[in-house]
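Text of entry26.tsv, listed as TSV, C-alpha atoms:
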```
chain	number	residue	atom	x	y	z
G	858	MET	CA	-33.88	-164.46	-16.00
G	859	ASN	CA	-34.42	-166.08	-19.43
G	860	ARG	CA	-37.91	-164.62	-19.54
G	861	THR	CA	-36.48	-161.22	-18.73
G	862	ILE	CA	-33.91	-161.44	-21.50
G	863	ILE	CA	-36.57	-162.50	-24.00
G	864	THR	CA	-38.84	-159.67	-22.88
G	865	PHE	CA	-36.16	-156.99	-23.23
G	866	VAL	CA	-34.88	-158.37	-26.52
G	867	SER	CA	-38.44	-158.48	-27.85
G	868	LEU	CA	-39.14	-154.91	-26.72
G	869	THR	CA	-35.88	-153.65	-28.13
G	870	GLY	CA	-36.48	-155.51	-31.36
G	871	LEU	CA	-39.88	-153.87	-31.62
G	872	LEU	CA	-38.39	-150.42	-31.01
G	873	LEU	CA	-35.63	-150.91	-33.52
G	874	THR	CA	-37.85	-152.55	-36.16
G	875	ALA	CA	-40.55	-149.92	-35.92
G	876	GLY	CA	-38.28	-146.97	-35.36
G	877	CYS	CA	-35.16	-147.74	-37.33
G	878	PRO	CA	-35.74	-145.30	-40.20
G	879	GLY	CA	-36.25	-142.47	-37.74
G	880	ASP	CA	-33.80	-143.45	-35.01
G	881	ASP	CA	-30.64	-143.22	-36.99
G	882	SER	CA	-31.67	-141.21	-40.02
G	883	MET	CA	-30.08	-137.80	-40.46
G	884	MET	CA	-30.19	-137.95	-44.25
G	885	MET	CA	-32.19	-135.67	-46.52
G	886	GLU	CA	-33.68	-136.71	-49.85
G	887	THR	CA	-33.53	-134.01	-52.49
G	888	THR	CA	-36.24	-135.36	-54.80
G	889	ALA	CA	-39.10	-135.96	-52.38
G	890	THR	CA	-40.44	-134.86	-49.02
G	891	THR	CA	-37.50	-134.75	-46.64
G	892	THR	CA	-36.81	-135.48	-42.97
G	893	THR	CA	-34.36	-133.89	-40.58
G	894	THR	CA	-33.58	-134.48	-36.91
G	895	GLY	CA	-34.19	-131.72	-34.39
G	896	THR	CA	-31.17	-130.54	-32.43
G	897	THR	CA	-30.84	-128.37	-29.37
G	898	SER	CA	-27.37	-126.96	-28.68
G	899	THR	CA	-25.94	-125.16	-25.69
G	900	GLY	CA	-23.09	-123.96	-27.91
G	901	PRO	CA	-23.16	-120.85	-30.11
G	902	ASP	CA	-26.42	-120.01	-31.91
G	903	PRO	CA	-28.63	-122.92	-30.73
G	904	ASP	CA	-31.66	-123.76	-32.85
G	905	SER	CA	-34.47	-123.77	-30.32
G	906	THR	CA	-37.09	-124.93	-32.81
G	907	GLY	CA	-35.45	-128.22	-33.79
G	908	GLY	CA	-35.24	-129.64	-37.29
G	909	THR	CA	-37.98	-129.22	-39.88
G	910	THR	CA	-39.00	-131.66	-42.56
G	911	MET	CA	-39.76	-129.88	-45.74
G	912	GLU	CA	-40.62	-130.13	-49.41
G	913	PRO	CA	-37.67	-128.92	-51.47
G	914	THR	CA	-38.10	-125.98	-53.80
G	915	THR	CA	-35.22	-124.19	-55.48
G	916	MET	CA	-31.78	-125.80	-55.64
G	917	THR	CA	-28.91	-123.41	-56.20
G	918	GLU	CA	-25.25	-123.88	-55.41
G	919	GLU	CA	-23.60	-127.04	-56.71
G	920	SER	CA	-20.50	-128.34	-54.96
G	921	THR	CA	-17.94	-130.91	-55.99
G	922	ASP	CA	-17.73	-134.42	-54.61
G	923	SER	CA	-14.91	-135.76	-52.41
G	924	THR	CA	-12.66	-136.12	-55.46
G	925	GLY	CA	-13.01	-132.43	-56.30
G	926	GLU	CA	-14.45	-133.31	-59.71
G	927	GLY	CA	-18.22	-132.92	-59.10
G	928	PRO	CA	-21.07	-132.97	-59.53
G	929	GLY	CA	-21.68	-132.93	-55.80
G	930	PHE	CA	-24.45	-131.74	-53.49
G	931	MET	CA	-27.24	-129.38	-54.46
G	932	PHE	CA	-28.11	-126.99	-51.64
G	933	GLU	CA	-31.54	-125.63	-50.74
G	934	ASP	CA	-32.05	-121.88	-50.55
G	935	ALA	CA	-35.80	-121.76	-49.83
G	936	PRO	CA	-36.87	-119.97	-46.62
G	937	PRO	CA	-37.95	-122.19	-43.71
G	938	ASP	CA	-41.59	-121.06	-43.99
G	939	ASP	CA	-41.82	-122.79	-47.38
G	940	TYR	CA	-41.24	-126.18	-45.79
G	941	THR	CA	-43.65	-128.61	-44.10
G	942	ARG	CA	-42.65	-130.90	-41.22
G	943	VAL	CA	-43.84	-134.47	-41.82
G	944	ASP	CA	-41.62	-136.52	-39.51
G	945	ARG	CA	-39.34	-135.93	-36.56
G	946	MET	CA	-37.22	-137.99	-34.20
G	947	GLY	CA	-34.90	-136.51	-31.63
G	948	MET	CA	-34.32	-139.01	-28.85
G	949	PRO	CA	-34.26	-142.61	-30.16
G	950	ALA	CA	-37.42	-144.70	-29.62
G	951	ILE	CA	-39.48	-141.95	-27.97
G	952	ASN	CA	-41.72	-141.32	-30.98
G	953	THR	CA	-41.82	-145.07	-31.62
G	954	ALA	CA	-42.62	-146.33	-28.13
G	955	VAL	CA	-44.45	-143.69	-26.09
G	956	ILE	CA	-46.30	-141.55	-28.62
G	957	SER	CA	-49.75	-142.67	-29.77
G	958	SER	CA	-50.85	-139.76	-31.99
G	959	LYS	CA	-47.89	-140.11	-34.33
G	960	ASP	CA	-49.25	-137.98	-37.18
G	961	ASN	CA	-49.94	-135.09	-34.83
G	962	TYR	CA	-46.57	-135.58	-33.16
G	963	ASN	CA	-44.69	-135.65	-36.45
G	964	ALA	CA	-46.37	-132.42	-37.57
G	965	ALA	CA	-45.72	-130.72	-34.21
G	966	SER	CA	-42.55	-129.03	-32.99
G	967	PRO	CA	-40.30	-129.08	-29.91
G	968	GLU	CA	-42.18	-125.98	-28.78
G	969	ASP	CA	-45.35	-128.10	-28.62
G	970	ASP	CA	-43.44	-130.68	-26.55
G	971	ALA	CA	-42.37	-127.98	-24.10
G	972	ASN	CA	-46.00	-126.83	-23.83
G	973	GLY	CA	-46.92	-130.33	-22.58
G	974	ASP	CA	-49.09	-131.26	-25.57
G	975	PHE	CA	-48.05	-134.93	-25.49
G	976	VAL	CA	-47.43	-135.49	-21.78
G	977	ASP	CA	-50.70	-137.38	-21.16
G	978	GLU	CA	-50.03	-140.02	-23.80
G	979	ILE	CA	-46.38	-140.34	-22.76
G	980	VAL	CA	-47.51	-141.03	-19.17
G	981	ALA	CA	-50.12	-143.55	-20.36
G	982	ASN	CA	-47.63	-145.45	-22.54
G	983	VAL	CA	-44.87	-145.45	-19.92
G	984	THR	CA	-47.42	-146.84	-17.45
G	985	GLY	CA	-48.27	-149.57	-19.97
G	986	LEU	CA	-44.60	-150.50	-20.32
G	987	HIS	CA	-44.33	-150.85	-16.54
G	988	ASP	CA	-47.49	-152.97	-16.36
G	989	ALA	CA	-45.89	-155.34	-18.86
G	990	LEU	CA	-42.31	-155.38	-17.61
G	991	ASP	CA	-42.05	-154.60	-13.89
G	992	ASP	CA	-42.37	-158.25	-12.82
G	993	ASP	CA	-39.54	-159.19	-15.16
G	994	LEU	CA	-37.37	-156.34	-13.94
G	995	MET	CA	-37.83	-157.38	-10.31
G	996	GLY	CA	-37.19	-161.00	-11.26
G	997	ALA	CA	-33.83	-159.87	-12.64
G	998	GLY	CA	-32.98	-158.17	-9.35
G	999	LEU	CA	-33.66	-154.67	-10.66
G	1000	VAL	CA	-35.85	-151.98	-9.08
G	1001	PRO	CA	-38.41	-150.32	-11.37
G	1002	CYS	CA	-39.42	-146.73	-10.82
G	1003	MET	CA	-43.02	-145.64	-10.39
G	1004	PRO	CA	-44.38	-144.53	-13.79
G	1005	MET	CA	-44.68	-140.83	-12.88
G	1006	ASP	CA	-41.21	-140.90	-11.31
G	1007	CYS	CA	-39.91	-142.43	-14.53
G	1008	VAL	CA	-41.60	-139.73	-16.61
G	1009	ASN	CA	-40.04	-137.02	-14.44
G	1010	GLN	CA	-36.68	-138.79	-14.59
G	1011	ALA	CA	-36.77	-138.95	-18.39
G	1012	ALA	CA	-38.35	-135.52	-18.95
G	1013	PRO	CA	-35.07	-133.57	-19.31
G	1014	LEU	CA	-34.07	-135.91	-22.14
G	1015	VAL	CA	-37.36	-136.13	-24.04
G	1016	VAL	CA	-39.18	-132.83	-23.46
G	1017	PRO	CA	-38.58	-131.27	-25.89
G	1018	ASP	CA	-37.78	-134.22	-28.13
G	1019	THR	CA	-34.47	-133.06	-29.59
G	1020	ILE	CA	-30.88	-134.25	-29.63
G	1021	LYS	CA	-29.13	-132.34	-26.87
G	1022	ILE	CA	-25.60	-131.12	-27.55
G	1023	ASP	CA	-23.45	-129.48	-24.87
G	1024	LEU	CA	-20.27	-128.47	-26.66
G	1025	SER	CA	-18.45	-128.10	-23.34
G	1026	GLY	CA	-19.39	-131.60	-22.17
G	1027	THR	CA	-18.07	-135.07	-22.91
G	1028	ALA	CA	-19.28	-136.57	-26.18
G	1029	GLY	CA	-21.51	-139.61	-25.76
G	1030	PHE	CA	-25.19	-140.40	-25.41
G	1031	PRO	CA	-27.28	-138.54	-24.38
G	1032	ASN	CA	-24.86	-135.69	-25.15
G	1033	GLY	CA	-24.83	-136.52	-28.83
G	1034	ARG	CA	-24.29	-140.12	-29.82
G	1035	LEU	CA	-21.15	-142.15	-30.52
G	1036	PRO	CA	-21.42	-145.22	-32.79
G	1037	THR	CA	-20.67	-147.61	-29.91
G	1038	ASP	CA	-23.12	-146.08	-27.40
G	1039	PRO	CA	-25.75	-148.56	-26.06
G	1040	VAL	CA	-28.51	-146.08	-26.84
G	1041	ILE	CA	-31.57	-148.33	-26.46
G	1042	ASP	CA	-30.30	-149.88	-23.22
G	1043	VAL	CA	-29.76	-146.42	-21.72
G	1044	THR	CA	-33.14	-145.19	-22.93
G	1045	LEU	CA	-34.93	-148.20	-21.45
G	1046	ALA	CA	-33.06	-147.81	-18.15
G	1047	VAL	CA	-34.11	-144.16	-17.84
G	1048	VAL	CA	-37.74	-145.03	-18.61
G	1049	LEU	CA	-37.96	-148.21	-16.52
G	1050	LEU	CA	-35.50	-148.18	-13.61
G	1051	ASP	CA	-35.24	-146.25	-10.36
G	1052	LEU	CA	-31.87	-144.62	-10.91
G	1053	THR	CA	-31.78	-143.37	-7.32
G	1054	GLU	CA	-31.52	-146.97	-6.13
G	1055	PRO	CA	-27.95	-147.80	-4.96
G	1056	GLY	CA	-26.06	-149.80	-7.59
G	1057	GLN	CA	-28.53	-148.96	-10.35
G	1058	ASP	CA	-27.62	-146.55	-13.15
G	1059	PRO	CA	-28.34	-145.92	-16.85
G	1060	LEU	CA	-26.03	-148.79	-17.81
G	1061	SER	CA	-27.78	-151.39	-15.64
G	1062	LEU	CA	-29.43	-153.01	-18.67
G	1063	VAL	CA	-26.26	-153.19	-20.76
G	1064	GLY	CA	-25.59	-156.84	-21.45
G	1065	VAL	CA	-29.24	-157.84	-21.53
G	1066	ASN	CA	-29.21	-157.00	-25.23
G	1067	PRO	CA	-26.32	-157.56	-27.69
G	1068	THR	CA	-23.34	-155.44	-26.66
G	1069	GLU	CA	-21.77	-155.01	-30.09
G	1070	ASN	CA	-22.43	-155.34	-33.82
G	1071	ASP	CA	-21.82	-158.57	-35.68
G	1072	VAL	CA	-19.50	-156.54	-37.95
G	1073	ALA	CA	-16.90	-154.22	-36.42
G	1074	PHE	CA	-16.94	-150.49	-37.00
G	1075	SER	CA	-14.38	-149.06	-39.40
G	1076	ASP	CA	-11.64	-146.72	-38.17
G	1077	GLU	CA	-12.34	-144.39	-41.09
G	1078	PHE	CA	-15.30	-142.18	-41.95
G	1079	PRO	CA	-18.19	-142.97	-42.17
G	1080	PHE	CA	-17.18	-145.67	-39.63
G	1081	PHE	CA	-20.21	-147.90	-40.20
G	1082	ALA	CA	-19.81	-151.24	-41.96
G	1083	PRO	CA	-21.53	-151.76	-45.33
G	1084	PRO	CA	-25.13	-153.00	-44.95
G	1085	HIS	CA	-25.85	-156.70	-45.22
G	1086	GLN	CA	-26.94	-157.80	-48.67
```

Written as structure tokens, that's how I'd like the structure from this file.
Amino acid sequence: MNRTIITFVSLTGLLLTAGCPGDDSMMMETTATTTTTGTTSTGPDPDSTGGTTMEPTTMTEESTDSTGEGPGFMFEDAPPDDYTRVDRMGMPAINTAVISSKDNYNAASPEDDANGDFVDEIVANVTGLHDALDDDLMGAGLVPCMPMDCVNQAAPLVVPDTIKIDLSGTAGFPNGRLPTDPVIDVTLAVVLLDLTEPGQDPLSLVGVNPTENDVAFSDEFPFFAPPHQ
């Protein structure tokens, strides 16, 4: 069991260390090449192409800040065709853990995902994860899925690689993401475990990794604690 914990913590640490800037970033720089996160919505006017990372051109409207005094945000008015995608991350850890051709992936779009352009390398990397971890999973009393079954199980979440939002559904990962959601544990469970096995579900790995932050969330926007200095 200790070996299993170390293995999962190590894997999760790798995912978070390598993927942190992309996993949680929904910010846009206005002075350099920018990154956005693709989103697919089942609510009004869904954007089927996902987010696009672009080089800013003309800034127009200036708003005021939260005090009403300004200066505030500068908004882009350039058409989408003027922008170039250089990075993308929809579902956490997917680009980080199961994509090998990262430059090609970052320049591609959710439409390319839906065409199956990256399926072969996803299958190969999921198979590699199982080769490394299945013994530990079984040692912990868990039942791994066969790699292709895992790929099919995860496919609705990761192909295309966008954040899925169903406005009529309950908020919480993978329908959006709440600050307290155990996102990496759920992602690993979907990729590694046979969720048809009785007693096994997407939360089966919760508790293997830390279950909460070392600093509590705030009750006020933006809810996250200040970063460690």

Quiz item: With all atoms listed in the file as the basis for distance, which of G:Met931, G:Ala997, G:Leu1052, G:Ala1011 is at the shortest distance from G:Val1065?
Solution: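 Ranking G:Met931, G:Ala997, G:Leu1052, G:Ala1011 by distance to G:Val1065, first place goes to G:Ala997.
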
Practice problem: Could you tell me which of G:Ala950, G:Leu1062, G:Ala971, G:Ala964 comes closest to G:Pro1013 if we count all atoms listed in the file? | Solution: G:Ala971

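In this structure, atom CA of G:Gly947 sits 26.2 Å away from atom CA of G:Asp1076.
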
Exercise. Please indicate the distance in Å from atom CA of G:Ala1046 to atom CA of G:Ser1061, rounded to one decimal place.
Key: 6.9 Å

Quiz item: Which value, in Å to one decimal, gives the distance between atom CA of G:Phe1080 and atom CA of G:Ile1020?
Solution: 20.4 Å

Exercise. Measuring atom to atom with only C-alpha atoms, identify which of G:Ile1022, G:Val1015, G:Ile956, G:Met1005 is nearest to G:Ile979.
Key: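 For G:Ile979, the nearest of the given residues is G:Ile956.
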
Quiz prompt | For G:Phe1078, the nearest of the candidates G:Pro1036, G:Val1048, G:Asn952, G:Asp960, counting only C-alpha atoms | solution =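 Among the listed residues, G:Pro1036 lies closest to G:Phe1078.
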
Self-check item: Residues within 9 Å of (-38.7, -141.6, -14.8), counting only C-alpha atoms, listed as a ChimeraX atom specification
Solution: /G:983,1002-1012,1047-1052

Quiz prompt | All residues 8 Å or closer to G:Asp991, only C-alpha atoms, same chain fewer than 4 positions away omitted, as a ChimeraX atom specification | solution = /G:987,995,1001

Quiz item: Which of these, G:Pro937, G:Pro1084, G:Pro1079, G:Pro949, has the shortest distance to G:Phe1030 once you count only C-alpha atoms?
Solution: G:Pro949

Self-check item: Neighbour list for stretch 1038-1041 of chain G as a PyMOL selection string, cut-off 9 Å, all atoms listed in the file, skip fewer than 2 positions in-chain
Solution: chain G and resi 869+872-873+949-950+1029-1031+1034-1036+1043-1046+1060+1063+1068-1069

Could you turn the residues from that selection into a file that holds C-alpha atoms, as an mmCIF file, in the frame of the given file?
```
data_model
loop_
_atom_site.group_PDB
_atom_site.id
_atom_site.type_symbol
_atom_site.label_atom_id
_atom_site.label_comp_id
_atom_site.auth_asym_id
_atom_site.auth_seq_id
_atom_site.Cartn_x
_atom_site.Cartn_y
_atom_site.Cartn_z
ATOM 1 C CA THR G 869 -35.880 -153.650 -28.130
ATOM 2 C CA LEU G 872 -38.390 -150.420 -31.010
ATOM 3 C CA LEU G 873 -35.630 -150.910 -33.520
ATOM 4 C CA PRO G 949 -34.260 -142.610 -30.160
ATOM 5 C CA ALA G 950 -37.420 -144.700 -29.620
ATOM 6 C CA GLY G 1029 -21.510 -139.610 -25.760
ATOM 7 C CA PHE G 1030 -25.190 -140.400 -25.410
ATOM 8 C CA PRO G 1031 -27.280 -138.540 -24.380
ATOM 9 C CA ARG G 1034 -24.290 -140.120 -29.820
ATOM 10 C CA LEU G 1035 -21.150 -142.150 -30.520
ATOM 11 C CA PRO G 1036 -21.420 -145.220 -32.790
ATOM 12 C CA VAL G 1043 -29.760 -146.420 -21.720
ATOM 13 C CA THR G 1044 -33.140 -145.190 -22.930
ATOM 14 C CA LEU G 1045 -34.930 -148.200 -21.450
ATOM 15 C CA ALA G 1046 -33.060 -147.810 -18.150
ATOM 16 C CA LEU G 1060 -26.030 -148.790 -17.810
ATOM 17 C CA VAL G 1063 -26.260 -153.190 -20.760
ATOM 18 C CA THR G 1068 -23.340 -155.440 -26.660
ATOM 19 C CA GLU G 1069 -21.770 -155.010 -30.090
#
```

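The smallest atom-to-atom distance between G:Ala981 and any of G:Val955, G:Val1000, G:Leu1014, G:Met948, using only C-alpha atoms, is found for G:Val955.
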
Is it possible to get the axis-aligned box enclosing stretch 996-1012 of chain G (all listed atoms, 8 Å extra per side) as AutoDock Vina command-line options, with centre and edge lengths in Å rounded to one decimal?
```
--center_x -38.8 --center_y -148.3 --center_z -14.0 --size_x 27.7 --size_y 41.5 --size_z 25.9
```

Could I get stretch 925-956 of chain G rebuilt with N, CA and C atoms, written as an mmCIF file, keeping the file's coordinate frame?
```cif
data_model
loop_
_atom_site.group_PDB
_atom_site.id
_atom_site.type_symbol
_atom_site.label_atom_id
_atom_site.label_comp_id
_atom_site.auth_asym_id
_atom_site.auth_seq_id
_atom_site.Cartn_x
_atom_site.Cartn_y
_atom_site.Cartn_z
ATOM 1 N N GLY G 925 -13.225 -133.752 -55.763
ATOM 2 C CA GLY G 925 -13.010 -132.430 -56.300
ATOM 3 C C GLY G 925 -13.435 -132.292 -57.744
ATOM 4 N N GLU G 926 -14.100 -133.325 -58.301
ATOM 5 C CA GLU G 926 -14.450 -133.310 -59.710
ATOM 6 C C GLU G 926 -15.919 -132.979 -59.950
ATOM 7 N N GLY G 927 -16.799 -133.201 -58.929
ATOM 8 C CA GLY G 927 -18.220 -132.920 -59.100
ATOM 9 C C GLY G 927 -18.857 -133.875 -60.096
ATOM 10 N N PRO G 928 -20.183 -133.848 -60.298
ATOM 11 C CA PRO G 928 -21.070 -132.970 -59.530
ATOM 12 C C PRO G 928 -21.232 -133.480 -58.097
ATOM 13 N N GLY G 929 -21.520 -132.566 -57.189
ATOM 14 C CA GLY G 929 -21.680 -132.930 -55.800
ATOM 15 C C GLY G 929 -23.071 -132.634 -55.291
ATOM 16 N N PHE G 930 -23.170 -132.018 -54.119
ATOM 17 C CA PHE G 930 -24.450 -131.740 -53.490
ATOM 18 C C PHE G 930 -25.116 -130.516 -54.103
ATOM 19 N N MET G 931 -26.451 -130.553 -54.099
ATOM 20 C CA MET G 931 -27.240 -129.380 -54.460
ATOM 21 C C MET G 931 -27.857 -128.846 -53.178
ATOM 22 N N PHE G 932 -27.694 -127.564 -52.912
ATOM 23 C CA PHE G 932 -28.110 -126.990 -51.640
ATOM 24 C C PHE G 932 -29.401 -126.200 -51.782
ATOM 25 N N GLU G 933 -30.292 -126.366 -50.793
ATOM 26 C CA GLU G 933 -31.540 -125.630 -50.740
ATOM 27 C C GLU G 933 -31.307 -124.157 -50.396
ATOM 28 N N ASP G 934 -32.122 -123.276 -50.962
ATOM 29 C CA ASP G 934 -32.050 -121.880 -50.550
ATOM 30 C C ASP G 934 -33.440 -121.326 -50.224
ATOM 31 N N ALA G 935 -34.447 -122.205 -50.144
ATOM 32 C CA ALA G 935 -35.800 -121.760 -49.830
ATOM 33 C C ALA G 935 -35.884 -121.364 -48.356
ATOM 34 N N PRO G 936 -36.704 -120.359 -48.019
ATOM 35 C CA PRO G 936 -36.870 -119.970 -46.620
ATOM 36 C C PRO G 936 -37.588 -121.053 -45.825
ATOM 37 N N PRO G 937 -37.343 -121.133 -44.527
ATOM 38 C CA PRO G 937 -37.950 -122.190 -43.710
ATOM 39 C C PRO G 937 -39.471 -122.235 -43.788
ATOM 40 N N ASP G 938 -40.132 -121.085 -43.959
ATOM 41 C CA ASP G 938 -41.590 -121.060 -43.990
ATOM 42 C C ASP G 938 -42.168 -121.787 -45.202
ATOM 43 N N ASP G 939 -41.344 -122.072 -46.206
ATOM 44 C CA ASP G 939 -41.820 -122.790 -47.380
ATOM 45 C C ASP G 939 -41.864 -124.293 -47.174
ATOM 46 N N TYR G 940 -41.388 -124.752 -46.037
ATOM 47 C CA TYR G 940 -41.240 -126.180 -45.790
ATOM 48 C C TYR G 940 -42.335 -126.691 -44.844
ATOM 49 N N THR G 941 -42.633 -127.979 -44.944
ATOM 50 C CA THR G 941 -43.650 -128.610 -44.100
ATOM 51 C C THR G 941 -43.038 -129.784 -43.352
ATOM 52 N N ARG G 942 -43.175 -129.801 -42.035
ATOM 53 C CA ARG G 942 -42.650 -130.900 -41.220
ATOM 54 C C ARG G 942 -43.578 -132.106 -41.329
ATOM 55 N N VAL G 943 -43.036 -133.262 -41.707
ATOM 56 C CA VAL G 943 -43.840 -134.470 -41.820
ATOM 57 C C VAL G 943 -43.335 -135.607 -40.941
ATOM 58 N N ASP G 944 -42.163 -135.464 -40.359
ATOM 59 C CA ASP G 944 -41.620 -136.520 -39.510
ATOM 60 C C ASP G 944 -40.548 -135.902 -38.628
ATOM 61 N N ARG G 945 -40.417 -136.401 -37.413
ATOM 62 C CA ARG G 945 -39.340 -135.930 -36.560
ATOM 63 C C ARG G 945 -38.980 -137.009 -35.542
ATOM 64 N N MET G 946 -37.731 -137.024 -35.171
ATOM 65 C CA MET G 946 -37.220 -137.990 -34.200
ATOM 66 C C MET G 946 -35.977 -137.391 -33.590
ATOM 67 N N GLY G 947 -36.058 -137.029 -32.325
ATOM 68 C CA GLY G 947 -34.900 -136.510 -31.630
ATOM 69 C C GLY G 947 -34.241 -137.606 -30.818
ATOM 70 N N MET G 948 -34.835 -137.913 -29.664
ATOM 71 C CA MET G 948 -34.320 -139.010 -28.850
ATOM 72 C C MET G 948 -34.788 -140.346 -29.416
ATOM 73 N N PRO G 949 -33.883 -141.313 -29.577
ATOM 74 C CA PRO G 949 -34.260 -142.610 -30.160
ATOM 75 C C PRO G 949 -35.384 -143.279 -29.391
ATOM 76 N N ALA G 950 -36.335 -143.842 -30.127
ATOM 77 C CA ALA G 950 -37.420 -144.700 -29.620
ATOM 78 C C ALA G 950 -38.549 -143.945 -28.938
ATOM 79 N N ILE G 951 -38.418 -142.656 -28.672
ATOM 80 C CA ILE G 951 -39.480 -141.950 -27.970
ATOM 81 C C ILE G 951 -40.731 -141.867 -28.841
ATOM 82 N N ASN G 952 -40.589 -141.374 -30.065
ATOM 83 C CA ASN G 952 -41.720 -141.320 -30.980
ATOM 84 C C ASN G 952 -42.284 -142.721 -31.210
ATOM 85 N N THR G 953 -41.417 -143.700 -31.325
ATOM 86 C CA THR G 953 -41.820 -145.070 -31.620
ATOM 87 C C THR G 953 -42.590 -145.707 -30.476
ATOM 88 N N ALA G 954 -42.111 -145.527 -29.247
ATOM 89 C CA ALA G 954 -42.620 -146.330 -28.130
ATOM 90 C C ALA G 954 -43.641 -145.636 -27.249
ATOM 91 N N VAL G 955 -43.573 -144.318 -27.081
ATOM 92 C CA VAL G 955 -44.450 -143.690 -26.090
ATOM 93 C C VAL G 955 -45.337 -142.590 -26.666
ATOM 94 N N ILE G 956 -45.396 -142.507 -27.983
ATOM 95 C CA ILE G 956 -46.300 -141.550 -28.620
ATOM 96 C C ILE G 956 -47.378 -142.326 -29.368
#
```
